[in-house]
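Student: Sharing structure30.cif, mmCIF, C-alpha atoms:
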```
data_model
#
loop_
_atom_site.group_PDB
_atom_site.id
_atom_site.type_symbol
_atom_site.label_atom_id
_atom_site.label_comp_id
_atom_site.auth_asym_id
_atom_site.auth_seq_id
_atom_site.Cartn_x
_atom_site.Cartn_y
_atom_site.Cartn_z
ATOM 1 C CA MET A 1 -27.644 -20.176 -37.406
ATOM 2 C CA ASP A 2 -30.834 -18.352 -36.405
ATOM 3 C CA ALA A 3 -31.077 -15.148 -34.353
ATOM 4 C CA SER A 4 -31.522 -16.859 -30.969
ATOM 5 C CA GLN A 5 -28.517 -19.137 -31.519
ATOM 6 C CA PHE A 6 -26.488 -16.141 -32.673
ATOM 7 C CA LYS A 7 -27.372 -14.193 -29.504
ATOM 8 C CA GLN A 8 -26.585 -17.181 -27.322
ATOM 9 C CA CYS A 9 -23.155 -17.640 -28.924
ATOM 10 C CA PHE A 10 -21.978 -14.053 -29.416
ATOM 11 C CA LEU A 11 -23.778 -11.831 -26.899
ATOM 12 C CA PRO A 12 -21.639 -13.098 -23.987
ATOM 13 C CA CYS A 13 -18.589 -11.913 -25.974
ATOM 14 C CA HIS A 14 -19.814 -8.309 -26.088
ATOM 15 C CA GLU A 15 -17.968 -7.141 -22.979
ATOM 16 C CA GLN A 16 -14.656 -8.664 -24.050
ATOM 17 C CA LEU A 17 -15.057 -7.247 -27.552
ATOM 18 C CA PHE A 18 -15.711 -3.783 -26.156
ATOM 19 C CA ARG A 19 -12.629 -3.952 -23.897
ATOM 20 C CA MET A 20 -10.482 -5.035 -26.848
ATOM 21 C CA ALA A 21 -11.930 -2.313 -29.073
ATOM 22 C CA TRP A 22 -11.344 0.286 -26.344
ATOM 23 C CA ARG A 23 -7.688 -0.771 -26.056
ATOM 24 C CA LEU A 24 -7.228 -0.580 -29.814
ATOM 25 C CA THR A 25 -8.999 2.723 -30.418
ATOM 26 C CA GLY A 26 -8.649 4.564 -27.106
ATOM 27 C CA ASN A 27 -12.036 6.132 -27.784
ATOM 28 C CA MET A 28 -15.425 5.017 -26.448
ATOM 29 C CA GLN A 29 -17.435 5.960 -29.543
ATOM 30 C CA ALA A 30 -14.942 4.354 -31.908
ATOM 31 C CA ALA A 31 -14.890 1.232 -29.721
ATOM 32 C CA GLU A 32 -18.687 0.984 -29.809
ATOM 33 C CA ASP A 33 -18.671 1.427 -33.579
ATOM 34 C CA LEU A 34 -16.018 -1.250 -33.974
ATOM 35 C CA VAL A 35 -17.985 -3.731 -31.845
ATOM 36 C CA GLN A 36 -21.111 -2.958 -33.860
ATOM 37 C CA GLU A 37 -19.231 -3.549 -37.130
ATOM 38 C CA THR A 38 -17.939 -6.827 -35.712
ATOM 39 C CA PHE A 39 -21.437 -8.036 -34.854
ATOM 40 C CA LEU A 40 -22.660 -6.969 -38.288
ATOM 41 C CA LYS A 41 -19.881 -8.926 -39.987
ATOM 42 C CA LEU A 42 -20.582 -11.960 -37.784
ATOM 43 C CA TRP A 43 -24.289 -11.718 -38.564
ATOM 44 C CA MET A 44 -23.581 -11.594 -42.293
ATOM 45 C CA LYS A 45 -21.479 -14.774 -41.941
ATOM 46 C CA ARG A 46 -23.939 -16.518 -39.594
ATOM 47 C CA ASP A 47 -24.529 -19.410 -42.005
ATOM 48 C CA GLU A 48 -20.798 -20.235 -42.013
ATOM 49 C CA LEU A 49 -20.355 -20.116 -38.209
ATOM 50 C CA ALA A 50 -21.533 -23.624 -37.365
ATOM 51 C CA THR A 51 -17.998 -24.983 -37.712
ATOM 52 C CA ILE A 52 -16.387 -22.430 -35.379
ATOM 53 C CA ASP A 53 -14.881 -23.941 -32.208
ATOM 54 C CA SER A 54 -14.467 -20.736 -30.205
ATOM 55 C CA TYR A 55 -17.028 -18.011 -30.814
ATOM 56 C CA GLU A 56 -15.181 -15.669 -28.488
ATOM 57 C CA GLY A 57 -11.825 -16.133 -30.227
ATOM 58 C CA PHE A 58 -13.382 -15.858 -33.666
ATOM 59 C CA SER A 59 -15.219 -12.647 -32.793
ATOM 60 C CA VAL A 60 -12.044 -11.070 -31.331
ATOM 61 C CA THR A 61 -10.175 -11.995 -34.520
ATOM 62 C CA ILE A 62 -12.873 -10.385 -36.658
ATOM 63 C CA LEU A 63 -12.739 -7.232 -34.505
ATOM 64 C CA LYS A 64 -8.955 -6.958 -34.819
ATOM 65 C CA HIS A 65 -9.065 -7.499 -38.572
ATOM 66 C CA LEU A 66 -11.710 -4.805 -38.958
ATOM 67 C CA PHE A 67 -9.630 -2.386 -36.870
ATOM 68 C CA TYR A 68 -6.387 -3.005 -38.758
ATOM 69 C CA ASP A 69 -8.146 -2.884 -42.138
ATOM 70 C CA GLU A 70 -9.558 0.528 -41.229
ATOM 71 C CA GLN A 71 -6.133 1.731 -40.082
ATOM 72 C CA ARG A 72 -4.572 0.619 -43.360
ATOM 73 C CA LYS A 73 -7.288 2.352 -45.392
ATOM 74 C CA ARG A 74 -6.846 5.524 -43.377
ATOM 75 C CA ARG A 75 -3.071 5.480 -43.874
ATOM 76 C CA LEU A 76 -3.386 4.849 -47.600
ATOM 77 C CA GLN A 77 -5.843 7.717 -47.987
ATOM 78 C CA THR A 78 -3.951 10.285 -45.910
ATOM 79 C CA THR A 79 -0.288 9.453 -46.348
ATOM 80 C CA PRO A 80 0.291 10.635 -49.945
ATOM 81 C CA GLN A 81 -1.409 13.996 -49.306
ATOM 82 C CA ALA A 82 0.098 14.446 -45.886
ATOM 83 C CA LEU A 83 3.599 13.535 -47.040
ATOM 84 C CA GLU A 84 3.543 16.427 -49.457
ATOM 85 C CA GLN A 85 2.540 18.792 -46.651
ATOM 86 C CA LEU A 86 5.212 17.545 -44.262
ATOM 87 C CA GLN A 87 7.657 20.145 -43.049
ATOM 88 C CA ILE A 88 10.743 19.003 -41.211
ATOM 89 C CA PRO A 89 12.015 21.584 -38.731
ATOM 90 C CA HIS A 90 15.493 22.648 -39.764
ATOM 91 C CA PRO A 91 17.708 25.335 -38.296
ATOM 92 C CA ASP A 92 18.696 26.673 -41.713
ATOM 93 C CA ASP A 93 16.304 28.477 -43.981
ATOM 94 C CA MET A 94 15.695 26.036 -46.815
ATOM 95 C CA ALA A 95 13.335 28.324 -48.706
ATOM 96 C CA GLY A 96 16.220 30.093 -50.422
ATOM 97 C CA ALA A 97 17.996 26.877 -51.337
ATOM 98 C CA PHE A 98 15.092 24.938 -52.809
ATOM 99 C CA GLU A 99 11.939 25.681 -54.594
ATOM 100 C CA GLU A 100 9.018 24.578 -52.440
ATOM 101 C CA GLU A 101 7.938 21.754 -54.710
ATOM 102 C CA ASP A 102 11.455 20.373 -55.123
ATOM 103 C CA SER A 103 12.096 20.417 -51.387
ATOM 104 C CA GLU A 104 8.851 18.551 -50.677
ATOM 105 C CA ARG A 105 9.755 15.869 -53.202
ATOM 106 C CA PHE A 106 13.238 15.635 -51.773
ATOM 107 C CA ILE A 107 11.953 15.261 -48.187
ATOM 108 C CA ILE A 108 9.522 12.579 -49.309
ATOM 109 C CA LYS A 109 12.413 10.793 -50.986
ATOM 110 C CA LEU A 110 14.467 11.049 -47.781
ATOM 111 C CA ILE A 111 11.637 9.633 -45.681
ATOM 112 C CA ARG A 112 11.250 6.720 -48.056
ATOM 113 C CA GLN A 113 14.978 5.950 -47.685
ATOM 114 C CA LEU A 114 14.776 5.617 -43.900
ATOM 115 C CA PRO A 115 14.820 2.149 -42.331
ATOM 116 C CA LYS A 116 11.296 0.680 -42.295
ATOM 117 C CA LYS A 117 10.637 1.143 -38.558
ATOM 118 C CA GLN A 118 11.859 4.753 -38.588
ATOM 119 C CA GLN A 119 9.853 5.472 -41.724
ATOM 120 C CA GLN A 120 6.707 3.955 -40.207
ATOM 121 C CA VAL A 121 7.025 5.850 -36.922
ATOM 122 C CA MET A 122 7.783 9.139 -38.676
ATOM 123 C CA LEU A 123 4.793 8.781 -40.985
ATOM 124 C CA LEU A 124 2.459 7.906 -38.115
ATOM 125 C CA ARG A 125 3.682 10.710 -35.850
ATOM 126 C CA ASP A 126 4.661 13.592 -38.156
ATOM 127 C CA VAL A 127 2.375 12.953 -41.105
ATOM 128 C CA GLU A 128 -0.721 11.383 -39.588
ATOM 129 C CA GLY A 129 -0.410 13.175 -36.248
ATOM 130 C CA LEU A 130 -0.968 10.110 -34.072
ATOM 131 C CA ASP A 131 0.106 10.288 -30.439
ATOM 132 C CA TYR A 132 2.659 7.906 -28.941
ATOM 133 C CA HIS A 133 -0.009 5.670 -27.389
ATOM 134 C CA GLU A 134 -1.747 5.183 -30.745
ATOM 135 C CA ILE A 135 1.562 4.416 -32.444
ATOM 136 C CA GLU A 136 2.356 1.966 -29.649
ATOM 137 C CA GLU A 137 -0.934 0.134 -30.297
ATOM 138 C CA LEU A 138 -0.388 0.005 -34.065
ATOM 139 C CA THR A 139 3.259 -1.012 -34.100
ATOM 140 C CA GLY A 140 3.603 -3.013 -30.890
ATOM 141 C CA GLN A 141 6.672 -0.931 -29.996
ATOM 142 C CA LYS A 142 7.123 0.651 -26.551
ATOM 143 C CA ALA A 143 6.719 4.447 -26.365
ATOM 144 C CA VAL A 144 10.374 4.873 -25.390
ATOM 145 C CA HIS A 145 11.498 2.953 -28.485
ATOM 146 C CA ILE A 146 9.100 4.970 -30.659
ATOM 147 C CA ARG A 147 10.675 8.205 -29.411
ATOM 148 C CA VAL A 148 14.154 6.852 -30.149
ATOM 149 C CA LEU A 149 13.152 5.785 -33.677
ATOM 150 C CA LEU A 150 11.513 9.149 -34.320
ATOM 151 C CA SER A 151 14.502 11.073 -33.005
ATOM 152 C CA ARG A 152 16.905 9.066 -35.158
ATOM 153 C CA ALA A 153 14.720 9.499 -38.249
ATOM 154 C CA ARG A 154 14.491 13.273 -37.784
ATOM 155 C CA LYS A 155 18.211 13.526 -37.082
ATOM 156 C CA GLN A 156 19.053 11.537 -40.211
ATOM 157 C CA ILE A 157 16.845 13.713 -42.405
ATOM 158 C CA ARG A 158 18.249 16.922 -40.902
ATOM 159 C CA GLN A 159 21.799 15.627 -41.487
ATOM 160 C CA GLN A 160 21.069 14.728 -45.100
ATOM 161 C CA LEU A 161 19.480 18.134 -45.704
ATOM 162 C CA LYS A 162 22.461 19.866 -44.102
ATOM 163 C CA GLU A 163 24.903 17.908 -46.275
ATOM 164 C CA MET A 164 22.910 18.771 -49.344
ATOM 165 C CA MET A 165 22.946 22.454 -48.435
ATOM 166 C CA GLN A 166 26.717 22.370 -47.894
ATOM 167 C CA ASN A 167 27.292 20.622 -51.221
ATOM 168 C CA GLY A 168 25.107 23.156 -53.026
ATOM 169 C CA LYS A 169 22.848 20.555 -54.594
#
```
Let me see the file written as structure tokens.
Tutor:
Amino acid sequence: MDASQFKQCFLPCHEQLFRMAWRLTGNMQAAEDLVQETFLKLWMKRDELATIDSYEGFSVTILKHLFYDEQRKRRLQTTPQALEQLQIPHPDDMAGAFEEEDSERFIIKLIRQLPKKQQQVMLLRDVEGLDYHEIEELTGQKAVHIRVLLSRARKQIRQQLKEMMQNGK
């Protein structure tokens, strides 16, 4: 596929790609970057595109894959460091009961024991600092359900910490 054929097939998709990128990122600059990355990836695969039935559908799929790949990379890079810095608000003073390093490891262990959806929402909100709209886009859950999951996760961790404090472990 030469440059003129490429333009003819994919340039009409630009507006739809930008709208999709805007919905995914919520940021104009990030959306523009994502569309640009999509066109770059399409251009690099231009010799393989002759068999594509829907250029629009294929380009949207590429855009989504690029977005979710970037989100996964970002989570993998930040989660281990951020998990260790996570502080769960607790009414009791835990500093006297645990050494700082032990309490961090214990909290990380507690988070990893949560049900998958609660764990995911807690990591995205409390560790990565994403807002509810961003979490909604990533998980497909409604904001109300995200708040419920987050509340239950925090409550469960607080309860487990309280029980541990009472048992003297």
Student: Which of these residues is nearest to Leu138 of chain A, using all atoms listed in the file: A:Gln159, A:Gln16, A:Gln71, A:Ser151?
Tutor: A:Gln71
Student: Excluding segment 22-39 of chain A and residues on its chain fewer than 6 positions from it, collect all residues at most 8 Å away from it, counting only C-alpha atoms, and give them as a ChimeraX atom specification.
Tutor: /A:14,59,62-63,66-67,134,137
Student: Considering all atoms listed in the file, state which residue in the set A:His65, A:Thr51, A:Arg75, A:Gln118 is at the smallest distance from Lys155 of chain A.
Tutor: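 Ranked by minimum distance to Lys155 of chain A, first place goes to A:Gln118.
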Student: Record the distance separating atom CA of Val144 of chain A and atom CA of Leu130 of chain A, expressed in Å with one decimal.
Tutor: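 Rounded to one decimal, the two atoms are 15.2 Å apart.
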Student: Write out as a ChimeraX atom specification each polymer residue whose atoms come within 12 Å of Ile146 of chain A, counting only C-alpha atoms; drop sequence neighbours fewer than 3 positions from it.
Tutor: /A:117-125,130-143,149-153
Student: Using only C-alpha atoms, find the one residue out of A:Glu15, A:Glu70, A:Glu56, A:Glu163 that sits nearest to Leu42 of chain A.
Tutor: A:Glu56
Student: As an exercise, work out the distance from atom CA of Thr61 of chain A to atom CA of Gly129 of chain A in Å and give it to one decimal place.
Tutor: 27.1 Å
Student: Would you mind reading off the distance between atom CA of Phe18 of chain A and atom CA of His145 of chain A, one decimal, in Å?
Tutor: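 Straight-line distance from atom CA of Phe18 of chain A to atom CA of His145 of chain A works out to 28.1 Å.
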Student: For Arg158 of chain A, which of A:Asp126, A:Lys116, A:Ile111, A:Glu48 is the closest residue, counting only C-alpha atoms?
Tutor: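 The closest residue to Arg158 of chain A is A:Ile111.
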Student: Please put the answer as AutoDock Vina command-line options: centre and edge lengths, in Å with one decimal, of a box along x, y and z that encloses all listed atoms of segment 49-60 of chain A plus 5 Å on each side.
Tutor:
```
--center_x -16.7 --center_y -18.0 --center_z -33.3 --size_x 19.7 --size_y 23.9 --size_z 19.7
```
Student: Which is closer to Tyr68 of chain A than all the others in A:Leu114, A:Ala21, A:Leu49, A:Cys13, using only C-alpha atoms?
Tutor: A:Ala21
Student: Counting only C-alpha atoms, which residue out of A:Ile108, A:Gln113, A:Asp69, A:Val60 sits closest to Gln156 of chain A?
Tutor: A:Gln113
Student: Can segment 23-44 of chain A be brought up to N, CA, C and O atoms and written out as an mmCIF file, in the frame of the given file?
Tutor:
```
data_model
loop_
_atom_site.group_PDB
_atom_site.id
_atom_site.type_symbol
_atom_site.label_atom_id
_atom_site.label_comp_id
_atom_site.auth_asym_id
_atom_site.auth_seq_id
_atom_site.Cartn_x
_atom_site.Cartn_y
_atom_site.Cartn_z
ATOM 1 N N ARG A 23 -9.163 -0.763 -26.082
ATOM 2 C CA ARG A 23 -7.688 -0.771 -26.056
ATOM 3 C C ARG A 23 -7.116 -0.397 -27.418
ATOM 4 O O ARG A 23 -6.109 0.296 -27.505
ATOM 5 N N LEU A 24 -7.735 -0.864 -28.477
ATOM 6 C CA LEU A 24 -7.228 -0.580 -29.814
ATOM 7 C C LEU A 24 -7.458 0.873 -30.232
ATOM 8 O O LEU A 24 -6.574 1.495 -30.816
ATOM 9 N N THR A 25 -8.647 1.388 -29.930
ATOM 10 C CA THR A 25 -8.999 2.723 -30.418
ATOM 11 C C THR A 25 -8.706 3.836 -29.417
ATOM 12 O O THR A 25 -8.427 4.959 -29.819
ATOM 13 N N GLY A 26 -8.832 3.531 -28.122
ATOM 14 C CA GLY A 26 -8.649 4.564 -27.106
ATOM 15 C C GLY A 26 -9.790 5.562 -27.063
ATOM 16 O O GLY A 26 -9.680 6.618 -26.464
ATOM 17 N N ASN A 27 -10.907 5.215 -27.673
ATOM 18 C CA ASN A 27 -12.036 6.132 -27.784
ATOM 19 C C ASN A 27 -13.327 5.325 -27.628
ATOM 20 O O ASN A 27 -13.517 4.322 -28.321
ATOM 21 N N MET A 28 -14.209 5.783 -26.733
ATOM 22 C CA MET A 28 -15.425 5.017 -26.448
ATOM 23 C C MET A 28 -16.326 4.892 -27.675
ATOM 24 O O MET A 28 -16.811 3.807 -27.983
ATOM 25 N N GLN A 29 -16.549 5.990 -28.384
ATOM 26 C CA GLN A 29 -17.435 5.960 -29.543
ATOM 27 C C GLN A 29 -16.864 5.058 -30.642
ATOM 28 O O GLN A 29 -17.579 4.256 -31.232
ATOM 29 N N ALA A 30 -15.580 5.194 -30.884
ATOM 30 C CA ALA A 30 -14.942 4.354 -31.908
ATOM 31 C C ALA A 30 -14.990 2.884 -31.500
ATOM 32 O O ALA A 30 -15.184 2.009 -32.346
ATOM 33 N N ALA A 31 -14.825 2.608 -30.210
ATOM 34 C CA ALA A 31 -14.890 1.232 -29.721
ATOM 35 C C ALA A 31 -16.293 0.659 -29.928
ATOM 36 O O ALA A 31 -16.442 -0.483 -30.377
ATOM 37 N N GLU A 32 -17.305 1.440 -29.610
ATOM 38 C CA GLU A 32 -18.687 0.984 -29.809
ATOM 39 C C GLU A 32 -18.962 0.719 -31.284
ATOM 40 O O GLU A 32 -19.588 -0.284 -31.644
ATOM 41 N N ASP A 33 -18.485 1.611 -32.138
ATOM 42 C CA ASP A 33 -18.671 1.427 -33.579
ATOM 43 C C ASP A 33 -17.975 0.164 -34.071
ATOM 44 O O ASP A 33 -18.516 -0.584 -34.885
ATOM 45 N N LEU A 34 -16.779 -0.073 -33.567
ATOM 46 C CA LEU A 34 -16.018 -1.250 -33.974
ATOM 47 C C LEU A 34 -16.716 -2.539 -33.532
ATOM 48 O O LEU A 34 -16.787 -3.499 -34.300
ATOM 49 N N VAL A 35 -17.252 -2.552 -32.320
ATOM 50 C CA VAL A 35 -17.985 -3.731 -31.845
ATOM 51 C C VAL A 35 -19.233 -3.943 -32.705
ATOM 52 O O VAL A 35 -19.551 -5.070 -33.091
ATOM 53 N N GLN A 36 -19.912 -2.851 -33.024
ATOM 54 C CA GLN A 36 -21.111 -2.958 -33.860
ATOM 55 C C GLN A 36 -20.763 -3.504 -35.245
ATOM 56 O O GLN A 36 -21.461 -4.375 -35.769
ATOM 57 N N GLU A 37 -19.672 -3.030 -35.831
ATOM 58 C CA GLU A 37 -19.231 -3.549 -37.130
ATOM 59 C C GLU A 37 -18.887 -5.033 -37.034
ATOM 60 O O GLU A 37 -19.153 -5.803 -37.957
ATOM 61 N N THR A 38 -18.301 -5.415 -35.915
ATOM 62 C CA THR A 38 -17.939 -6.827 -35.712
ATOM 63 C C THR A 38 -19.186 -7.691 -35.683
ATOM 64 O O THR A 38 -19.249 -8.731 -36.347
ATOM 65 N N PHE A 39 -20.195 -7.269 -34.910
ATOM 66 C CA PHE A 39 -21.437 -8.036 -34.854
ATOM 67 C C PHE A 39 -22.124 -8.081 -36.213
ATOM 68 O O PHE A 39 -22.686 -9.104 -36.592
ATOM 69 N N LEU A 40 -22.062 -6.997 -36.953
ATOM 70 C CA LEU A 40 -22.660 -6.969 -38.288
ATOM 71 C C LEU A 40 -21.961 -7.979 -39.210
ATOM 72 O O LEU A 40 -22.616 -8.752 -39.921
ATOM 73 N N LYS A 41 -20.644 -7.982 -39.158
ATOM 74 C CA LYS A 41 -19.881 -8.926 -39.987
ATOM 75 C C LYS A 41 -20.177 -10.373 -39.570
ATOM 76 O O LYS A 41 -20.341 -11.253 -40.422
ATOM 77 N N LEU A 42 -20.248 -10.615 -38.271
ATOM 78 C CA LEU A 42 -20.582 -11.960 -37.784
ATOM 79 C C LEU A 42 -21.986 -12.362 -38.235
ATOM 80 O O LEU A 42 -22.211 -13.511 -38.624
ATOM 81 N N TRP A 43 -22.919 -11.431 -38.151
ATOM 82 C CA TRP A 43 -24.289 -11.718 -38.564
ATOM 83 C C TRP A 43 -24.348 -12.056 -40.054
ATOM 84 O O TRP A 43 -25.051 -12.986 -40.467
ATOM 85 N N MET A 44 -23.584 -11.339 -40.850
ATOM 86 C CA MET A 44 -23.581 -11.594 -42.293
ATOM 87 C C MET A 44 -22.968 -12.963 -42.612
ATOM 88 O O MET A 44 -23.287 -13.569 -43.624
#
```
